[in-house]
Amino acid sequence: MLQCPEVDRMSIVRSLSRPPHLRPPNERRWESSVWRRCTLLNGEFTGICCPSHPVIDVSGEESSSKLSLHEQEKFLEQAEKIALQEMQKFLADVGNVPEDMSTQNTHFHAGHHPSLPDDVLSPELVRQGLLEVLTWQALEMISNGTVVVQRFQRPKRCLVGPPCEKSHSRYRRFDGRCNNVEPGGSLWGSAGYPMERLLPPAYGDGIWAPRIVSYTGRYLPSARKLSSTLFADLHHPHTTCNVLLMQFGQFLAHDFSRNKAINTKSKCCTEDGSGRVKDASPGCMPIPVSSGDDFYSQYGVRCIHFMRSAVAPMRDCDSVGHGRQLSGVSHFIDGSAIYGASSKQAHELRAHEGGRLKSLFHRRFHNELPPLDRTKDACDPGAEMCFLTGDARSNQLISLVAVHTLFLREHNRLARRLQQLNPHWSDKTLYQEARRIVIAQLQHIAFGEYLPKVVGPRYIALYRLHLPTAGTYSDFYNHHTNPSVSSEFTVAAFRFGHSTVPSKLELHDGSVDTWRTFLNPTRFRERHFYDDLFGALQHQPMQSVDEMFSTSLTRFLNVKPGKQYGVDLAAINIQRGRDHAVRPYNDYRRLGGKPGAYSFDDFGIEVGHKLRSLYSHPDDVDLYVGGILEPPVEGGVVGETFAELIADQFSKFLHGDRYFYSNGPDTNPGHFTVQQLKEIQRVTMASLICANAGDPHRMHVLPDAFALPHDGNRLVDCTAHEIPRLDLSWWRD
Ligand code: HEM
Ligand SMILES: [Ca+2]
């Protein structure tokens with residue numbers, strides 16, 4: 001059902017929210033007529049056949065406005081005035097009110113205000129998005145719901161995506177625009193483009209108010225209360241996957257998604273954390289902490305900072321009438337974390353010599369590192385060095401810096417080698433060709449090695465996520481597929497990784513509390529640190545996906561100088577889900593064709609007991625909570641609901657990317673020759689690690705680099721025959 005474009009998914013989910021014996025016969029008849037079961041893959045799976053015509057809700061809730069166009073326009077004018085006043089409050093607390101905040105000036109235009117170097121989204125875009133949701137909210141209020149926002153078109157404001165001049169460019173754009181060149185599709189998946197929704201949001205007011213109330217009318221439990229009651233820090237190592245799998249996951253997450261906060265300067269809680277700031281930014285949605293909290297109470301903390309995600313302006317004539325959060329990076333898996341998500345950012349990262357990226361290169365040590373980031377506050381005040389990459393989050397964790405360094409080294413290694421082969425190539429050609437190969441390798445590893453371990457073989461088969469056999473082109477591209485990430489995927493499903501983070505990193509010379517490595521990659525200047533770290537990451541098991549979370553994340557994330565506590569990431573994930581008004585867990589179970597939990601005991605007796613003490617109804621359970629509690633699917637690390645959401649999203653990455661590395665000349669203007677493709681298809685994570693080791697003679701790898709050592713996966717020398725090497729001679733002109 002997730003992949004049928006024309007289905008009103010919500011009506012089916014609503015119908016399935018009652019047990020079959022409670023559904024009236026007409027509803028059951030309707031259900032079986034639109035929801036015909038189909039058998040897939042030799043009868044192994046049952047799914048639904050996508051109806052060939054749009055399916056409309058049976059409940060007939062649609063109402064159309066009886067007001068004349070003139071009356072609607074008047075309401076809109078009034079609503080805009082109110083929204084502008086409200087907007088001043090948002091902006092006043094950043095001290096950043098634009099001079100001409102008139103309605104004429106509110107259409108989307110980029111780049112007029114200086115933005116942070118890491119930031120590809122202009123503040124203007126964020127303001128415009130906010131102004132629109134505030135206008136809708138005001139419209140709803142003053143018209144008492146008579147002007148139906150969803151149906152209210154304002155053509156003069158509605159801009160389609162820009163036409164694509166160089167639709168057949170050999171290289172993808174940094175921001176992801178013009179991947180799809182069909183009219184209306186040119187912005188799909190680009191930085192600043194809104195996230196999609198698998199199901200309509202459950203906003204309190206239908207527009208942008210967060211989801212905070214239960215089905216029963218009571219308030220939902222606080223996100224911190226849920227985290228502290230349900231998520232303990234117990235050691236539960238995974239039996240087959242290592243910490244490198246966790247780490248690659250975070251790297252990938254940063255490639256396809258970045259929720260942008262409405263504003264990054266305002267504080268939502270007082271300095272000592274004892275309460276909310278009075279007259280805080282209207283974007284604040286701080287997490288309340290109870291006085292009896294098992295950790296924060298000792299510090300008198302009653303409030304955890306939380307800023308809502310920015311919403312996108314309606315730019316594509318797709319008047320949905322509710323807030324849609326935007327992503328600050330390109331949604332495609334396209335190396336944006338390496339190269340940046342705008343041409344300006346990419347320009348700043350380039351050496352402009354030999355096609356290379358800027359780097360710190362100690363020839364004597366063979367220890368090439370990303371360039372230093374000297375921005376104030378880029379790292380922990382105690383850190384002596386901090387790195388600049390294509391993504392502002394790269395210093396978060398020491399092992400994340402390692403993966404960034406790996407891809408930087410690979411780019412520069414390829415550029416140097418290509419220059420030897422083709423001395424006549426310009427800096428630009430060397431850069432773009434090396435970038436094209438790096439992105440291809442990244443996609444090959446993400447789909448070939450990483451994804452199957454996460455979702456398991458069943459979901460790979462069900463969503464047909466197999467890569468083509470060596471030496472053959474794929475034909476994945478479908479210009480109707482929108483590759484953009486969904487809110488459900490970025491705020492819930494792919495955050496499964498937070499449960500896999502270990503409490504301590506077992507480094508070669510001893511273990512360290514994971515949180516002590518946050519925002520402090522200073523040790524990379526030690527000669528062998530990079531090599532040793534890769535060795536360590538492959539040997540340490542990651543943690544299983546379950547209700548165990550390291551306190552590095554649930555207590556000590558972002559510890560400020562002089563404080564003994566940080567914030568709680570698990571609570572932030574739940575709160576982020578409510579900020580996006582992602583629907584509750586049970587709705588996504590039903591969307592996946594599985595029964596929802598009718599009783600808390602369906603989650604297991606022990607957890608069910610805890611859940612009952614927190615939520616008033618099983619239909620209230622947050623998607624993140626329910627998804628994390630599911631047992632893993634066979635051969636994968638996540639439960640079936642997250643597996644479904646992740647497989648669906650990766651299938652959109654696959655089918656919605658014209659430049660997907662294995663696509664042939666029919667669709668892909670940046671395609672490889674068959675021989676070149678064959679080379680890329682031999683690449684593995686292990687081969688990449690070996691090719692970029694500081695000292696390849698000392699370095700050992702596991703051929704299956706994301707798995708723990710076992711009989712079939714023994715440590716080998718980087719020079720061993722199991723470790724393929726990319727033969728670049730196929731790139732000689
Ligand atoms: C120690 C390791 C990690 C730390 C400290 C960390 C920290 C964070 C933080 C602070 C956020 C922003 C939360 C918010 O304000 O909503 C975030 C978002 C996220 N994280 Fe992690 N994370 C880690 C590992 C991972 C891993 C292993 C994965 C996946 C396998 C992952 C996936 C994500 C995703 C998908 C998001 C949402 C990105 C966005 O759209 O903004 N993280 N993480
Ligand atoms: Ca990207």
# chains A, B, ... in the order shown; residues from 1 in each chain; ligands from 1
>>> residues_around(residues="A:Ile207", least_positions_apart="3", cutoff="9 Å", atoms="only C-alpha atoms", output="number ranges by chain")
A: 133-134, 136-137, 140, 149, 201-204, 210, 321-323
>>> write_last_selection(atoms="N, CA and C atoms", output="mmCIF file, in the first residue's frame")
data_model
loop_
_atom_site.group_PDB
_atom_site.id
_atom_site.type_symbol
_atom_site.label_atom_id
_atom_site.label_comp_id
_atom_site.auth_asym_id
_atom_site.auth_seq_id
_atom_site.Cartn_x
_atom_site.Cartn_y
_atom_site.Cartn_z
ATOM 1 N N VAL A 133 2.143 28.929 7.024
ATOM 2 C CA VAL A 133 1.349 28.141 7.990
ATOM 3 C C VAL A 133 0.605 29.066 8.942
ATOM 4 N N LEU A 134 1.241 30.183 9.306
ATOM 5 C CA LEU A 134 0.557 31.106 10.204
ATOM 6 C C LEU A 134 -0.680 31.695 9.528
ATOM 7 N N TRP A 136 -2.484 30.184 7.205
ATOM 8 C CA TRP A 136 -3.507 29.129 7.187
ATOM 9 C C TRP A 136 -4.191 29.009 8.546
ATOM 10 N N GLN A 137 -3.341 29.097 9.601
ATOM 11 C CA GLN A 137 -3.925 28.978 10.946
ATOM 12 C C GLN A 137 -4.896 30.122 11.195
ATOM 13 N N GLU A 140 -8.155 29.681 9.191
ATOM 14 C CA GLU A 140 -9.009 28.680 9.830
ATOM 15 C C GLU A 140 -9.750 29.312 11.015
ATOM 16 N N VAL A 149 -8.751 25.097 3.864
ATOM 17 C CA VAL A 149 -7.411 25.453 3.412
ATOM 18 C C VAL A 149 -6.923 24.553 2.279
ATOM 19 N N PRO A 201 -0.639 14.231 8.148
ATOM 20 C CA PRO A 201 -0.199 14.513 9.515
ATOM 21 C C PRO A 201 -1.376 14.588 10.484
ATOM 22 N N ALA A 202 -1.063 14.417 11.769
ATOM 23 C CA ALA A 202 -2.116 14.481 12.787
ATOM 24 C C ALA A 202 -1.946 15.764 13.606
ATOM 25 N N TYR A 203 -1.805 16.905 12.915
ATOM 26 C CA TYR A 203 -1.652 18.175 13.634
ATOM 27 C C TYR A 203 -2.881 18.431 14.510
ATOM 28 N N GLY A 204 -2.622 19.033 15.667
ATOM 29 C CA GLY A 204 -3.720 19.328 16.588
ATOM 30 C C GLY A 204 -4.814 20.146 15.931
ATOM 31 N N PRO A 210 1.309 21.077 17.065
ATOM 32 C CA PRO A 210 1.849 19.725 17.252
ATOM 33 C C PRO A 210 0.809 18.731 17.771
ATOM 34 N N GLY A 321 -2.120 22.535 2.478
ATOM 35 C CA GLY A 321 -2.805 23.215 3.577
ATOM 36 C C GLY A 321 -2.314 22.867 4.964
ATOM 37 N N HIS A 322 -1.158 22.257 5.077
ATOM 38 C CA HIS A 322 -0.583 22.020 6.400
ATOM 39 C C HIS A 322 0.933 22.114 6.300
ATOM 40 N N GLY A 323 1.570 22.254 7.450
ATOM 41 C CA GLY A 323 3.023 22.414 7.457
ATOM 42 C C GLY A 323 3.726 21.186 6.910
#
>>> residues_around(residues="A:Leu715", least_positions_apart="4", cutoff="12 Å", atoms="only C-alpha atoms", output="PDB file with N, CA and C atoms, in the first residue's frame")
ATOM      1  N   GLY A 535      40.036  -0.329  12.483  1.00  0.00           N
ATOM      2  CA  GLY A 535      40.176  -1.691  12.995  1.00  0.00           C
ATOM      3  C   GLY A 535      39.210  -1.911  14.159  1.00  0.00           C
ATOM      4  N   GLN A 538      35.416  -2.264  13.387  1.00  0.00           N
ATOM      5  CA  GLN A 538      34.999  -3.531  12.783  1.00  0.00           C
ATOM      6  C   GLN A 538      34.906  -4.657  13.812  1.00  0.00           C
ATOM      7  N   HIS A 539      35.638  -4.502  14.910  1.00  0.00           N
ATOM      8  CA  HIS A 539      35.646  -5.583  15.892  1.00  0.00           C
ATOM      9  C   HIS A 539      34.611  -5.442  16.989  1.00  0.00           C
ATOM     10  N   ALA A 686      35.179  -2.813   2.462  1.00  0.00           N
ATOM     11  CA  ALA A 686      36.523  -3.252   2.853  1.00  0.00           C
ATOM     12  C   ALA A 686      37.565  -2.744   1.861  1.00  0.00           C
ATOM     13  N   MET A 699      47.470  -2.373   7.847  1.00  0.00           N
ATOM     14  CA  MET A 699      46.004  -2.401   7.947  1.00  0.00           C
ATOM     15  C   MET A 699      45.430  -3.778   7.606  1.00  0.00           C
ATOM     16  N   HIS A 700      44.475  -4.218   8.438  1.00  0.00           N
ATOM     17  CA  HIS A 700      43.739  -5.449   8.167  1.00  0.00           C
ATOM     18  C   HIS A 700      42.256  -5.118   8.124  1.00  0.00           C
ATOM     19  N   VAL A 701      41.511  -5.874   7.309  1.00  0.00           N
ATOM     20  CA  VAL A 701      40.065  -5.638   7.252  1.00  0.00           C
ATOM     21  C   VAL A 701      39.299  -6.955   7.268  1.00  0.00           C
ATOM     22  N   LEU A 702      37.998  -6.825   7.566  1.00  0.00           N
ATOM     23  CA  LEU A 702      37.097  -7.957   7.396  1.00  0.00           C
ATOM     24  C   LEU A 702      36.463  -7.786   6.021  1.00  0.00           C
ATOM     25  N   PRO A 703      36.506  -8.830   5.168  1.00  0.00           N
ATOM     26  CA  PRO A 703      35.946  -8.672   3.821  1.00  0.00           C
ATOM     27  C   PRO A 703      34.493  -8.188   3.856  1.00  0.00           C
ATOM     28  N   ASP A 704      33.716  -8.688   4.809  1.00  0.00           N
ATOM     29  CA  ASP A 704      32.348  -8.191   4.999  1.00  0.00           C
ATOM     30  C   ASP A 704      32.460  -7.150   6.119  1.00  0.00           C
ATOM     31  N   ALA A 705      32.719  -5.900   5.729  1.00  0.00           N
ATOM     32  CA  ALA A 705      33.196  -4.909   6.701  1.00  0.00           C
ATOM     33  C   ALA A 705      32.166  -4.478   7.751  1.00  0.00           C
ATOM     34  N   ALA A 707      30.103  -6.641   9.213  1.00  0.00           N
ATOM     35  CA  ALA A 707      29.760  -7.798  10.050  1.00  0.00           C
ATOM     36  C   ALA A 707      30.893  -8.088  11.026  1.00  0.00           C
ATOM     37  N   LEU A 708      30.547  -8.683  12.148  1.00  0.00           N
ATOM     38  CA  LEU A 708      31.568  -9.085  13.119  1.00  0.00           C
ATOM     39  C   LEU A 708      32.371 -10.245  12.528  1.00  0.00           C
ATOM     40  N   PRO A 709      33.582 -10.455  13.020  1.00  0.00           N
ATOM     41  CA  PRO A 709      34.366 -11.581  12.499  1.00  0.00           C
ATOM     42  C   PRO A 709      33.661 -12.911  12.794  1.00  0.00           C
ATOM     43  N   HIS A 710      33.698 -13.821  11.860  1.00  0.00           N
ATOM     44  CA  HIS A 710      33.249 -15.201  12.066  1.00  0.00           C
ATOM     45  C   HIS A 710      34.022 -16.069  11.092  1.00  0.00           C
ATOM     46  N   ASP A 711      33.717 -17.355  11.067  1.00  0.00           N
ATOM     47  CA  ASP A 711      34.520 -18.257  10.241  1.00  0.00           C
ATOM     48  C   ASP A 711      34.621 -17.825   8.782  1.00  0.00           C
ATOM     49  N   THR A 719      46.404  -6.460   1.331  1.00  0.00           N
ATOM     50  CA  THR A 719      46.938  -6.864   0.033  1.00  0.00           C
ATOM     51  C   THR A 719      46.364  -8.220  -0.426  1.00  0.00           C
ATOM     52  N   ALA A 720      45.489  -8.839   0.409  1.00  0.00           N
ATOM     53  CA  ALA A 720      44.946 -10.172   0.083  1.00  0.00           C
ATOM     54  C   ALA A 720      44.082 -10.126  -1.175  1.00  0.00           C
ATOM     55  N   GLU A 722      41.197 -11.357  -1.699  1.00  0.00           N
ATOM     56  CA  GLU A 722      39.760 -11.126  -1.460  1.00  0.00           C
ATOM     57  C   GLU A 722      39.397  -9.650  -1.549  1.00  0.00           C
ATOM     58  N   ILE A 723      40.401  -8.805  -1.442  1.00  0.00           N
ATOM     59  CA  ILE A 723      40.113  -7.373  -1.398  1.00  0.00           C
ATOM     60  C   ILE A 723      40.311  -6.781  -2.790  1.00  0.00           C
TER      61      ILE A 723
END
>>> residues_near_ligand(ligand="ligand 2", cutoff="12 Å", atoms="only C-alpha atoms and all ligand atoms", output="ChimeraX atom specification")
/A:172-177,189-193,251-258,327-342,390-391,439,442-443,483-485,653,657
>>> residues_near_ligand(ligand="ligand 1", cutoff="6 Å", atoms="only C-alpha atoms and all ligand atoms", output="PyMOL selection string")
chain A and resi 246-247+249-250+253+257-259+396-397+490-491+494-495+497-498+501+572-573+576
>>> residues_around(residues="A:Glu182", least_positions_apart="4", cutoff="12 Å", atoms="only C-alpha atoms", output="number ranges by chain")
A: 160-165, 167, 177-178, 186-188, 478-482, 656, 658
>>> select_by_dssp(residues="stretch 314-519 of chain A", states="strand (DSSP E)", output="list of chain:residue names")
A:Leu360, A:Phe361, A:His362, A:Asn367, A:Glu368, A:Leu369, A:Lys504, A:Leu505, A:Glu506, A:Leu507, A:Gly510, A:Ser511, A:Val512, A:Asp513
>>> select_by_dssp(residues="stretch 157-227 of chain A", states="helix (DSSP H, G or I)", output="PyMOL selection string")
chain A and resi 157+223-227
>>> write_last_selection(atoms="N, CA and C atoms", output="tab-separated table (two decimals), in the first residue's frame")
chain	number	residue	atom	x	y	z
A	157	ARG	N	0.64	33.02	-5.98
A	157	ARG	CA	1.76	32.66	-5.11
A	157	ARG	C	2.41	31.34	-5.49
A	223	ALA	N	7.64	13.36	26.42
A	223	ALA	CA	8.63	12.56	25.69
A	223	ALA	C	9.75	12.10	26.64
A	224	ARG	N	10.09	12.91	27.61
A	224	ARG	CA	11.15	12.51	28.55
A	224	ARG	C	10.66	11.39	29.46
A	225	LYS	N	9.40	11.50	29.89
A	225	LYS	CA	8.84	10.46	30.76
A	225	LYS	C	8.87	9.11	30.02
A	226	LEU	N	8.52	9.15	28.74
A	226	LEU	CA	8.55	7.91	27.94
A	226	LEU	C	9.96	7.37	27.87
A	227	SER	N	10.90	8.26	27.56
A	227	SER	CA	12.28	7.82	27.41
A	227	SER	C	12.83	7.25	28.71
